[in-house]
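Student: My structure file work-v3.cif, mmCIF, C-alpha atoms; chains and numbers go by the auth columns, is below:
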data_run
#
loop_
_atom_site.group_PDB
_atom_site.id
_atom_site.type_symbol
_atom_site.label_atom_id
_atom_site.label_comp_id
_atom_site.label_asym_id
_atom_site.label_seq_id
_atom_site.Cartn_x
_atom_site.Cartn_y
_atom_site.Cartn_z
_atom_site.B_iso_or_equiv
_atom_site.auth_seq_id
_atom_site.auth_asym_id
ATOM 1 C CA MET A 1 -11.405 0.233 11.473 0.00 53 A
ATOM 2 C CA GLU A 2 -9.816 -3.029 12.264 0.00 54 A
ATOM 3 C CA LYS A 3 -6.115 -2.674 12.839 0.00 55 A
ATOM 4 C CA SER A 4 -3.603 0.104 13.267 0.00 56 A
ATOM 5 C CA VAL A 5 -0.109 0.217 11.803 0.00 57 A
ATOM 6 C CA ILE A 6 2.553 2.409 13.413 0.00 58 A
ATOM 7 C CA TYR A 7 4.889 4.313 11.093 0.00 59 A
ATOM 8 C CA ASP A 8 8.056 5.880 12.516 0.00 60 A
ATOM 9 C CA LEU A 9 8.122 9.264 10.789 0.00 61 A
ATOM 10 C CA ASP A 10 11.593 10.830 10.779 0.00 62 A
ATOM 11 C CA THR A 11 11.234 14.616 11.163 0.00 63 A
ATOM 12 C CA GLU A 12 13.580 17.507 11.928 0.00 64 A
ATOM 13 C CA ASP A 13 12.343 17.315 15.530 0.00 65 A
ATOM 14 C CA GLY A 14 12.968 13.576 15.842 0.00 66 A
ATOM 15 C CA ILE A 15 10.982 10.389 15.316 0.00 67 A
ATOM 16 C CA ARG A 16 7.180 10.616 15.531 0.00 68 A
ATOM 17 C CA GLN A 17 5.088 7.464 15.806 0.00 69 A
ATOM 18 C CA ILE A 18 2.136 7.875 13.465 0.00 70 A
ATOM 19 C CA GLY A 19 -0.785 5.455 13.719 0.00 71 A
ATOM 20 C CA ILE A 20 -2.434 4.581 10.395 0.00 72 A
ATOM 21 C CA GLU A 21 -5.882 2.966 10.170 0.00 73 A
ATOM 22 C CA ALA A 22 -7.967 2.161 7.096 0.00 74 A
ATOM 23 C CA VAL A 23 -11.320 3.947 7.353 0.00 75 A
ATOM 24 C CA GLN A 24 -14.365 1.848 6.547 0.00 76 A
ATOM 25 C CA GLN A 25 -17.240 4.197 5.960 0.00 77 A
ATOM 26 C CA LEU A 26 -20.393 4.011 3.836 0.00 78 A
ATOM 27 C CA ILE A 27 -20.684 6.517 1.022 0.00 79 A
ATOM 28 C CA PRO A 28 -23.863 8.497 1.871 0.00 80 A
ATOM 29 C CA GLY A 29 -26.982 7.187 0.130 0.00 81 A
ATOM 30 C CA THR A 30 -25.346 3.943 -1.016 0.00 82 A
ATOM 31 C CA HIS A 31 -24.416 0.482 0.192 0.00 83 A
ATOM 32 C CA VAL A 32 -20.836 1.046 -0.976 0.00 84 A
ATOM 33 C CA TYR A 33 -17.865 1.582 1.288 0.00 85 A
ATOM 34 C CA ALA A 34 -15.298 4.283 0.592 0.00 86 A
ATOM 35 C CA THR A 35 -11.831 2.891 0.056 0.00 87 A
ATOM 36 C CA GLY A 36 -8.465 4.575 0.015 0.00 88 A
ATOM 37 C CA VAL A 37 -9.072 6.614 3.181 0.00 89 A
ATOM 38 C CA PHE A 38 -6.516 6.277 5.971 0.00 90 A
ATOM 39 C CA ARG A 39 -6.903 7.982 9.364 0.00 91 A
ATOM 40 C CA LEU A 40 -3.712 9.240 10.997 0.00 92 A
ATOM 41 C CA SER A 41 -3.075 9.688 14.701 0.00 93 A
ATOM 42 C CA GLU A 42 -0.241 10.296 17.104 0.00 94 A
ATOM 43 C CA GLY A 43 -1.110 8.822 20.468 0.00 95 A
ATOM 44 C CA GLU A 44 -4.578 10.186 21.230 0.00 96 A
ATOM 45 C CA THR A 45 -4.213 13.111 18.797 0.00 97 A
ATOM 46 C CA ASP A 46 -6.154 12.968 15.510 0.00 98 A
ATOM 47 C CA LEU A 47 -3.896 14.093 12.659 0.00 99 A
ATOM 48 C CA GLY A 48 -6.529 13.939 9.909 0.00 100 A
ATOM 49 C CA ASP A 49 -6.797 11.621 6.928 0.00 101 A
ATOM 50 C CA ILE A 50 -4.852 10.759 3.818 0.00 102 A
ATOM 51 C CA VAL A 51 -7.234 10.029 0.946 0.00 103 A
ATOM 52 C CA PHE A 52 -6.109 8.254 -2.231 0.00 104 A
ATOM 53 C CA ASP A 53 -7.764 8.120 -5.642 0.00 105 A
ATOM 54 C CA ASP A 54 -9.124 4.781 -6.919 0.00 106 A
ATOM 55 C CA HIS A 55 -5.729 3.713 -8.251 0.00 107 A
ATOM 56 C CA MET A 56 -3.725 5.051 -5.296 0.00 108 A
ATOM 57 C CA HIS A 57 -1.699 7.308 -7.594 0.00 109 A
ATOM 58 C CA GLU A 58 -2.837 10.677 -6.216 0.00 110 A
ATOM 59 C CA TRP A 59 -3.394 11.534 -2.568 0.00 111 A
ATOM 60 C CA GLU A 60 -4.682 14.393 -0.442 0.00 112 A
ATOM 61 C CA TYR A 61 -4.068 15.209 3.232 0.00 113 A
ATOM 62 C CA THR A 62 -7.000 16.738 5.104 0.00 114 A
ATOM 63 C CA CYS A 63 -4.609 18.944 7.113 0.00 115 A
ATOM 64 C CA MET A 64 -6.529 18.485 10.345 0.00 116 A
ATOM 65 C CA GLY A 65 -3.329 17.686 12.185 0.00 117 A
ATOM 66 C CA ASN A 66 0.076 19.193 12.479 0.00 118 A
ATOM 67 C CA LEU A 67 1.945 17.378 9.710 0.00 119 A
ATOM 68 C CA THR A 68 3.790 19.397 7.101 0.00 120 A
ATOM 69 C CA HIS A 69 3.227 18.605 3.431 0.00 121 A
ATOM 70 C CA ARG A 70 6.631 16.896 3.314 0.00 122 A
ATOM 71 C CA GLU A 71 5.750 14.734 6.366 0.00 123 A
ATOM 72 C CA ALA A 72 2.327 13.844 4.934 0.00 124 A
ATOM 73 C CA LYS A 73 4.058 12.887 1.674 0.00 125 A
ATOM 74 C CA LYS A 74 6.329 10.455 3.560 0.00 126 A
ATOM 75 C CA VAL A 75 3.305 8.857 5.255 0.00 127 A
ATOM 76 C CA ALA A 76 1.386 8.645 1.944 0.00 128 A
ATOM 77 C CA ARG A 77 4.387 7.009 0.278 0.00 129 A
ATOM 78 C CA PHE A 78 4.596 4.476 3.147 0.00 130 A
ATOM 79 C CA ILE A 79 0.885 3.650 2.797 0.00 131 A
ATOM 80 C CA LYS A 80 1.109 3.324 -0.975 0.00 132 A
ATOM 81 C CA HIS A 81 4.139 1.037 -0.962 0.00 133 A
ATOM 82 C CA ASN A 82 3.489 -1.004 2.191 0.00 134 A
ATOM 83 C CA LEU A 83 -0.259 -1.157 2.749 0.00 135 A
ATOM 84 C CA LYS A 84 -1.615 -1.000 -0.813 0.00 136 A
ATOM 85 C CA ARG A 85 -1.045 -4.695 -1.519 0.00 137 A
ATOM 86 C CA LYS A 86 -2.807 -5.838 1.687 0.00 138 A
ATOM 87 C CA TRP A 87 -5.652 -3.363 1.219 0.00 139 A
ATOM 88 C CA ARG A 88 -6.232 -4.170 -2.469 0.00 140 A
ATOM 89 C CA SER A 89 -5.977 -7.966 -2.039 0.00 141 A
ATOM 90 C CA ARG A 90 -8.704 -7.932 0.595 0.00 142 A
ATOM 91 C CA GLU A 91 -10.812 -5.528 -1.493 0.00 143 A
ATOM 92 C CA LEU A 92 -10.639 -7.900 -4.478 0.00 144 A
ATOM 93 C CA LYS A 93 -11.771 -10.834 -2.313 0.00 145 A
ATOM 94 C CA GLN A 94 -14.949 -9.016 -1.263 0.00 146 A
ATOM 95 C CA LYS A 95 -18.108 -10.041 -3.104 0.00 147 A
ATOM 96 C CA THR A 96 -21.273 -8.014 -3.283 0.00 148 A
ATOM 97 C CA PRO A 97 -24.225 -10.201 -2.286 0.00 149 A
ATOM 98 C CA SER A 98 -26.708 -10.649 -5.146 0.00 150 A
ATOM 99 C CA SER A 99 -29.535 -10.575 -2.609 0.00 151 A
ATOM 100 C CA GLY A 100 -29.142 -6.813 -2.233 0.00 152 A
ATOM 101 C CA GLY A 101 -27.271 -7.042 1.070 0.00 153 A
ATOM 102 C CA ILE A 102 -24.369 -4.871 2.081 0.00 154 A
ATOM 103 C CA ALA A 103 -20.911 -5.951 0.958 0.00 155 A
ATOM 104 C CA HIS A 104 -18.345 -6.097 3.717 0.00 156 A
ATOM 105 C CA PRO A 105 -15.690 -3.386 3.522 0.00 157 A
ATOM 106 C CA PRO A 106 -12.076 -4.236 2.776 0.00 158 A
ATOM 107 C CA LEU A 107 -9.912 -4.613 5.865 0.00 159 A
ATOM 108 C CA PHE A 108 -6.163 -4.462 6.187 0.00 160 A
#
Reformat the file's structure so that it appears as structure tokens.

Tutor:
Amino acid sequence: MEKSVIYDLDTEDGIRQIGIEAVQQLIPGTHVYATGVFRLSEGETDLGDIVFDDHMHEWEYTCMGNLTHREAKKVARFIKHNLKRKWRSRELKQKTPSSGGIAHPPLF
């Protein structure tokens, strides 16, 4: 993970500052990095991940944290509309080495 973005999540209990980081992790048994995975945190507390499909149309929340479905939906919408462009543009710039090396993961 390279950089964290803070999202001010407006809830019934007030504003929560949610950290969002793109996860860069190898898919087991391959030299390919998983994309569309975003780790959520609040301070030092891990809130789980939001995982998007390849086209960032559908998403899933791992429910490891204490976000409601409605709150997770707000965060997913923020990621889709504000981070998608940065994430995808870097992903498209990545080139897989023809020498069989490992391609660098997309960063945001």

Student: With the file shown as input, list the residues that the PyMOL selection byres ((chain A and resi 55-67) around 12) selects, as a VMD selection string.

Tutor: chain A and resid 53 to 54 68 to 76 90 to 95 119 to 131 134 to 135 139 158 to 160

Student: Calculate how many Å separate CA of Glu110 in chain A from CA of Thr82 in chain A, rounding to one decimal.

Tutor: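 Value for the CA of Glu110 in chain A-CA of Thr82 in chain A distance: 24.1 Å.
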
Student: Report, in Å to a single decimal, how far apart CA of Met116 in chain A and CA of Tyr85 in chain A are.

Tutor: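 CA of Met116 in chain A lies 22.3 Å from CA of Tyr85 in chain A.
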
Student: Counting only C-alpha atoms, which of A:Thr97, A:Leu78, A:Lys132, A:Val103 gets nearest to Asn118 in chain A?

Tutor: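 With only C-alpha atoms as the atom set, the closest residue is A:Thr97.
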
Student: So how many Å separate CA of Tyr113 in chain A and CA of His133 in chain A, to one decimal?

Tutor: 16.9 Å

Student: At a cut-off of 7 Å, using all atoms listed in the file, what residues contact Gly88 in chain A? Leave out same-chain residues fewer than 4 positions from it and give the result as a PyMOL selection string.

Tutor: chain A and resi 103-106
